[in-house]
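Asks: Dropping in run.cif, with mmCIF, C-alpha atoms and all ligand atoms.
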```
data_run
loop_
_atom_site.label_atom_id
_atom_site.label_comp_id
_atom_site.auth_asym_id
_atom_site.auth_seq_id
_atom_site.Cartn_x
_atom_site.Cartn_y
_atom_site.Cartn_z
CA MET A 1 88.71 210.40 70.89
CA SER A 2 89.85 208.87 67.66
CA HIS A 3 93.44 208.99 66.55
CA ILE A 4 92.44 209.52 62.95
CA THR A 5 91.35 212.60 61.05
CA ARG A 6 89.51 212.14 57.78
CA VAL A 7 90.27 214.60 55.02
CA THR A 8 87.85 214.32 52.14
CA ARG A 9 88.10 215.64 48.59
CA PHE A 10 84.67 216.67 47.32
CA GLY A 11 83.09 214.10 49.67
CA ILE A 12 84.12 211.43 47.19
CA VAL A 13 87.59 210.28 48.17
CA ASN A 14 89.30 210.26 51.57
CA VAL A 15 92.74 210.33 53.05
CA TYR A 16 93.43 209.88 56.76
CA LEU A 17 95.91 211.52 59.09
CA VAL A 18 96.79 209.06 61.84
CA ALA A 19 98.32 210.55 64.99
CA GLU A 20 101.43 208.83 66.31
CA GLU A 21 103.91 209.89 69.00
CA ASP A 22 106.39 211.23 66.45
CA GLY A 23 103.89 212.93 64.16
CA LEU A 24 101.40 211.80 61.53
CA THR A 25 101.01 208.89 59.17
CA LEU A 26 99.14 209.94 56.03
CA VAL A 27 97.09 207.07 54.64
CA ASP A 28 96.58 207.53 50.87
CA THR A 29 96.96 210.74 48.89
CA ALA A 30 93.66 211.04 46.96
CA ILE A 31 93.43 212.42 43.45
CA ALA A 32 95.83 214.83 41.76
CA GLY A 33 95.53 218.35 43.18
CA SER A 34 95.03 217.22 46.78
CA ALA A 35 98.48 217.99 48.19
CA LYS A 36 97.63 221.50 49.44
CA PRO A 37 94.46 220.60 51.36
CA ILE A 38 96.20 217.57 52.87
CA LEU A 39 99.19 219.64 53.99
CA SER A 40 96.93 222.30 55.49
CA ALA A 41 94.95 219.67 57.38
CA ALA A 42 98.21 218.34 58.81
CA SER A 43 99.38 221.80 59.82
CA GLU A 44 96.04 222.43 61.55
CA LEU A 45 96.77 219.32 63.60
CA GLY A 46 100.15 220.85 64.39
CA ALA A 47 102.19 217.75 63.63
CA PRO A 48 104.55 216.77 60.82
CA ILE A 49 103.70 214.04 58.32
CA ARG A 50 106.35 211.39 58.95
CA ARG A 51 105.03 208.67 56.67
CA ILE A 52 102.92 208.33 53.53
CA LEU A 53 101.24 204.93 53.59
CA LEU A 54 99.29 203.72 50.56
CA THR A 55 96.48 201.14 50.74
CA HIS A 56 96.75 200.42 47.01
CA ALA A 57 98.05 201.96 43.81
CA HIS A 58 94.87 203.20 42.08
CA SER A 59 94.90 206.75 40.71
CA ASP A 60 92.43 208.10 43.29
CA HIS A 61 94.75 206.96 46.11
CA ILE A 62 98.17 207.84 44.68
CA GLY A 63 97.15 210.92 42.68
CA SER A 64 98.97 213.42 44.89
CA LEU A 65 101.83 211.15 45.92
CA ASP A 66 104.52 212.82 43.81
CA ARG A 67 103.56 216.33 44.99
CA LEU A 68 103.41 215.27 48.62
CA ALA A 69 106.68 213.32 48.47
CA ALA A 70 108.33 216.41 46.98
CA ALA A 71 106.91 218.61 49.74
CA LEU A 72 107.88 216.07 52.44
CA PRO A 73 111.35 214.87 51.42
CA ASP A 74 112.02 213.20 54.80
CA ALA A 75 108.76 211.23 54.92
CA GLU A 76 108.83 207.47 54.45
CA VAL A 77 106.75 206.17 51.51
CA LEU A 78 105.18 202.78 52.20
CA ILE A 79 103.08 200.40 50.10
CA SER A 80 102.68 196.63 49.97
CA THR A 81 105.38 194.75 48.11
CA ARG A 82 102.72 193.49 45.66
CA ASP A 83 101.15 196.87 44.86
CA ALA A 84 104.60 198.48 44.60
CA ARG A 85 104.62 196.83 41.18
CA LEU A 86 101.46 198.72 40.23
CA LEU A 87 103.11 201.90 41.47
CA ARG A 88 105.72 201.32 38.75
CA LYS A 89 102.92 200.60 36.25
CA ASP A 90 103.74 196.90 36.12
CA LYS A 91 100.34 195.22 35.68
CA SER A 92 101.71 191.70 35.25
CA LEU A 93 100.19 188.88 37.30
CA ASP A 94 101.92 186.17 39.27
CA PRO A 95 101.44 182.52 38.22
CA GLY A 96 99.51 181.72 41.42
CA GLU A 97 97.08 184.65 41.03
CA PRO A 98 93.74 184.66 39.21
CA GLN A 99 94.63 185.53 35.61
CA THR A 100 92.18 188.41 35.43
CA LYS A 101 93.20 191.81 34.10
CA ILE A 102 93.87 194.41 36.75
CA ARG A 103 91.17 197.10 36.53
CA GLY A 104 90.96 200.74 37.54
CA GLY A 105 93.36 203.60 36.92
CA VAL A 106 96.99 202.56 37.37
CA PRO A 107 98.95 205.63 36.32
CA GLY A 108 102.05 204.83 38.38
CA ALA A 109 104.13 207.46 40.15
CA LYS A 110 107.64 208.81 39.92
CA THR A 111 108.02 208.40 43.66
CA LYS A 112 109.56 205.11 44.75
CA PRO A 113 108.63 203.52 48.07
CA THR A 114 111.30 203.87 50.73
CA ARG A 115 110.18 200.48 52.07
CA THR A 116 107.58 197.89 51.06
CA LEU A 117 105.30 196.09 53.47
CA GLU A 118 104.07 192.57 54.09
CA PRO A 119 100.90 191.65 56.03
CA GLY A 120 101.61 191.36 59.75
CA GLU A 121 104.09 194.23 59.84
CA THR A 122 103.24 197.37 61.79
CA VAL A 123 103.56 201.03 60.91
CA GLY A 124 103.36 202.94 64.17
CA SER A 125 100.07 201.81 65.74
CA LEU A 126 98.75 200.35 62.50
CA ARG A 127 98.94 196.65 61.73
CA VAL A 128 99.14 195.77 58.05
CA VAL A 129 96.36 193.35 57.03
CA ALA A 130 96.18 191.68 53.61
CA ALA A 131 93.11 192.91 51.69
CA PRO A 132 93.53 191.60 48.14
CA GLY A 133 90.79 191.57 45.53
CA HIS A 134 90.30 195.24 44.68
CA THR A 135 93.93 195.12 43.58
CA PRO A 136 96.23 192.12 44.10
CA GLY A 137 98.18 193.84 46.86
CA GLN A 138 95.69 196.09 48.61
CA ILE A 139 96.24 196.34 52.37
CA ALA A 140 93.99 197.41 55.22
CA LEU A 141 95.33 198.93 58.43
CA LEU A 142 94.07 198.08 61.90
CA ASP A 143 94.76 200.61 64.63
CA GLY A 144 95.77 198.54 67.65
CA ARG A 145 94.82 201.35 70.05
CA ASP A 146 91.07 201.35 69.38
CA GLY A 147 90.27 198.80 66.66
CA THR A 148 89.60 201.31 63.88
CA LEU A 149 90.04 199.64 60.49
CA LEU A 150 91.24 201.71 57.57
CA CYS A 151 89.99 199.41 54.85
CA GLY A 152 91.03 201.05 51.58
CA ASP A 153 88.40 200.11 49.01
CA ALA A 154 87.58 196.68 50.45
CA TYR A 155 84.44 198.39 51.76
CA SER A 156 83.04 201.78 50.87
CA THR A 157 80.36 203.67 52.78
CA LEU A 158 79.39 206.30 50.21
CA GLY A 159 75.81 205.50 49.24
CA GLY A 160 75.68 202.82 51.95
CA VAL A 161 78.11 200.22 53.31
CA GLU A 162 79.11 197.89 50.48
CA THR A 163 82.00 195.60 49.65
CA CYS A 164 83.83 196.12 46.36
CA ALA A 165 82.71 192.59 45.45
CA ARG A 166 79.23 193.95 44.66
CA THR A 167 78.27 196.93 42.52
CA ASN A 168 76.49 199.60 44.55
CA PRO A 169 74.31 201.45 42.02
CA ARG A 170 74.63 204.61 44.14
CA PHE A 171 78.44 204.46 43.96
CA PRO A 172 79.62 201.84 41.45
CA LEU A 173 83.25 202.98 41.19
CA PRO A 174 84.91 200.62 43.73
CA ALA A 175 83.30 197.50 42.21
CA LEU A 176 84.02 198.64 38.64
CA ALA A 177 87.70 199.08 39.52
CA THR A 178 87.95 195.70 41.29
CA TRP A 179 90.36 193.13 39.91
CA HIS A 180 88.89 189.87 41.28
CA LYS A 181 85.54 189.88 43.07
CA PRO A 182 85.70 186.39 44.67
CA THR A 183 88.99 187.38 46.31
CA ALA A 184 87.46 190.71 47.34
CA LEU A 185 84.59 188.88 49.02
CA GLU A 186 87.02 186.64 50.95
CA THR A 187 88.79 189.81 52.06
CA ALA A 188 85.52 191.39 53.15
CA ARG A 189 84.89 188.35 55.37
CA ALA A 190 88.43 188.36 56.76
CA LEU A 191 88.21 192.06 57.64
CA ARG A 192 84.83 191.55 59.32
CA ALA A 193 86.40 188.77 61.40
CA LEU A 194 88.75 191.37 62.89
CA ASP A 195 85.69 192.86 64.68
CA PRO A 196 86.67 196.47 63.94
CA SER A 197 85.22 199.15 66.22
CA ALA A 198 85.04 201.62 63.32
CA LEU A 199 85.35 201.37 59.56
CA ALA A 200 87.31 204.09 57.77
CA PRO A 201 87.03 203.60 54.01
CA GLY A 202 88.60 205.26 50.99
CA HIS A 203 85.18 206.49 49.92
CA GLY A 204 82.46 207.66 52.32
CA LYS A 205 82.16 208.50 55.99
CA VAL A 206 83.73 206.70 58.92
CA ILE A 207 81.19 204.28 60.41
CA ASP A 208 81.27 203.46 64.13
CA SER A 209 80.16 199.97 65.29
CA PRO A 210 80.12 198.71 61.70
CA LEU A 211 79.76 194.94 62.25
CA ALA A 212 76.05 194.57 61.41
CA ALA A 213 76.42 196.72 58.29
CA MET A 214 79.48 194.70 57.23
CA ASP A 215 77.54 191.45 57.71
CA GLU A 216 74.70 192.78 55.56
CA ALA A 217 77.12 193.91 52.85
CA ILE A 218 78.80 190.47 52.83
CA ALA A 219 75.40 188.76 52.61
CA ARG A 220 74.41 190.94 49.62
CA ALA A 221 77.64 190.08 47.81
CA SER A 222 77.54 186.34 48.57
ZN ZN B 301 89.41 204.21 45.57
#
```
Reformat the file's structure so that it appears as structure tokens.
Ligand SMILES: [Zn+2]
Replies:
Amino acid sequence: MSHITRVTRFGIVNVYLVAEEDGLTLVDTAIAGSAKPILSAASELGAPIRRILLTHAHSDHIGSLDRLAAALPDAEVLISTRDARLLRKDKSLDPGEPQTKIRGGVPGAKTKPTRTLEPGETVGSLRVVAAPGHTPGQIALLDGRDGTLLCGDAYSTLGGVETCARTNPRFPLPALATWHKPTALETARALRALDPSALAPGHGKVIDSPLAAMDEAIARAS
């Protein structure tokens, strides 16, 4: 049985509740207005949310952060060091980065991270994996227990498995909000190389045994 529970808002955007020994890690917070359904899903699981972990700082992933942080004053709030800047609405680019404007909704949040993360760190059972391209500091999270990959928007599965490096006409949003597609394609390849057993995206259903579908999506975007 999987350690993760998907909570979807309108079938369009997901958050995940990841079971750990001390309670739950909430991955992403969806759009504004999602705090109540997320909190009820956690209470159905009968465990407290200990951590709020953000894959990236777009509005459809941080939309309920402030409400949830207020409701969960003891929870840690975690995001990559790079996307923490987007969380404070700082859209500046570093000299070494592609000088392409950051796209997508970056509304910022009042909530400050309690700690910022670098690739290679772990949060409970989840290993932080760099997944830049959609935003400069997006991260994916690999569950070391079973190989499930929570991939943020590096891949979406709504309307078919696709990388955010290619516009899926059935669900164009992730590609339209992508900062730098060549970097996103490199990320798609790097995540595929992790051989995940399941792919848990920000948008769409969880896909088991996703490797062939990931290969096809990479080929379409290449
Ligand atoms: Zn998204």
Asks: Go through A:Arg170, A:Arg192, A:Arg82, A:Arg103 and flag the residue nearest Ser59 (chain A), using all atoms listed in the file for the distances.
Replies: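 Closest to Ser59 (chain A), using all atoms listed in the file: A:Arg103.
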Asks: Can I get the residues close to ligand ZN 301 (chain B) as a list in words, where close means within 8 Å and we count all atoms listed in the file?
Replies: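 So the residues close to ligand ZN 301 (chain B) are Val13, His58, Ser59, Asp60, His61, Gly152, Asp153, Leu173, Pro174, Gly202 and His203 of chain A.
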Asks: Between A:Ala177, A:Ala217, A:Leu54, A:Leu68, which one has atoms that come closest to Ala35 (chain A), using all atoms listed in the file?
Replies: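 Using all atoms listed in the file, Ala35 (chain A) sits closest to A:Leu68.
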Asks: So how many Å separate CA of Val27 (chain A) and CA of Thr187 (chain A), to one decimal?
Replies: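 So the answer is 19.3 Å.
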Asks: Extract, using all atoms listed in the file, all DNA, RNA and protein residues at most 12 Å from Pro169 (chain A), discarding same-chain residues fewer than 6 positions from it, and format them as number ranges by chain.
Replies: A: 158-162, 175-176
Asks: Calculated over all atoms listed in the file, which of the candidates A:Gly147, A:Arg88, A:Val7, A:Thr167 has the smallest distance to Ala193 (chain A)?
Replies: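 Closest to Ala193 (chain A) of all the choices is A:Gly147.
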Asks: Taking into account all atoms listed in the file, which residue in the set A:Ser43, A:Tyr155, A:Pro107, A:Asp74 is nearest to Pro172 (chain A)?
Replies: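 Among the listed residues, A:Tyr155 lies closest to Pro172 (chain A).
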Asks: Could you tell me which of A:Glu97, A:Asp208, A:Glu76, A:Asp215 comes closest to Leu185 (chain A) if we count all atoms listed in the file?
Replies: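 When distances to Leu185 (chain A) are compared using all atoms listed in the file, the smallest one comes from A:Asp215.
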